Amino acid sequence: MSSRSCLIEESIVESQYAKLLNDRAGAHTGLVIGKFGVGSRDFVLALVPTPPDEPGDAPKHTKGDTTLDVDDEWMLEHAAHVSRMLPGGLFIVGTYAFCSDAAKEVATPALMKVSGDIARSSTPKT
């Protein structure tokens, strides 16, 4: 899977990032929503956190948590639901992880796998 450059809608994404920092959110994963651009440059519009896999469950992350649990099956399921709700022209352009550097190093292989799976299932056919 190759890396891609992206342009970020700073007013939207920075406010979401600042809220995560201010809330001292625990480690978690999510989807990056945007628009595929020309060449290898995408336009990022929003970050969508992956919710708990059961409606009544508490989130798997807790405030100050430094470990990252990547549930690839649930992330794929979440991506399928989000993809169906997006208006025309918007797609899941990637995944994100909000965690410490140490947790990122451990979770990177799982995140790369799930990112590839999501890309194969939700990339527009041209």
# chains A, B, ... in the order shown; residues from 1 in each chain; ligands from 1
>>> residues_around(residues="Ile33 in chain A", least_positions_apart="6", cutoff="9 Å", atoms="only C-alpha atoms", output="PyMOL selection string")
chain A and resi 43-48+86+90-95
>>> select_by_dssp(residues="range 4-99 of chain A", states="strand (DSSP E or B)", output="count of residues only")
29
>>> residues_around(residues="Ala79 in chain A", least_positions_apart="4", cutoff="8 Å", atoms="only C-alpha atoms", output="PyMOL selection string")
chain A and resi 31+75+83+92+118
>>> atom_distance(atom1="CA of Gly26 in chain A", atom2="CA of Leu111 in chain A")
16.9 Å
>>> closest_residue(among="A:Lys35, A:Lys113, A:His28, A:Arg84", to="Tyr96 in chain A", atoms="only C-alpha atoms")
A:His28
>>> closest_residue(among="A:Met112, A:Val70, A:Ala119, A:Val106", to="Thr29 in chain A", atoms="only C-alpha atoms")
A:Val70
>>> select_by_dssp(residues="range 7-105 of chain A", states="helix (DSSP H, G or I)", output="number ranges by chain")
A: 10-22, 72-85, 101-105
>>> closest_residue(among="A:Glu73, A:Phe36, A:Leu7, A:Leu20", to="Pro49 in chain A", atoms="only C-alpha atoms")
A:Leu20
>>> atom_distance(atom1="CA of Val114 in chain A", atom2="CA of Leu76 in chain A")
7.1 Å
>>> closest_residue(among="A:Ala110, A:Leu21, A:Ala97, A:Ile8", to="Asp72 in chain A", atoms="only C-alpha atoms")
A:Ala110
>>> atom_distance(atom1="CA of Glu10 in chain A", atom2="CA of Ser100 in chain A")
22.1 Å
>>> closest_residue(among="A:Ala25, A:Leu68, A:Val13, A:Met85", to="Ala107 in chain A", atoms="only C-alpha atoms")
A:Leu68
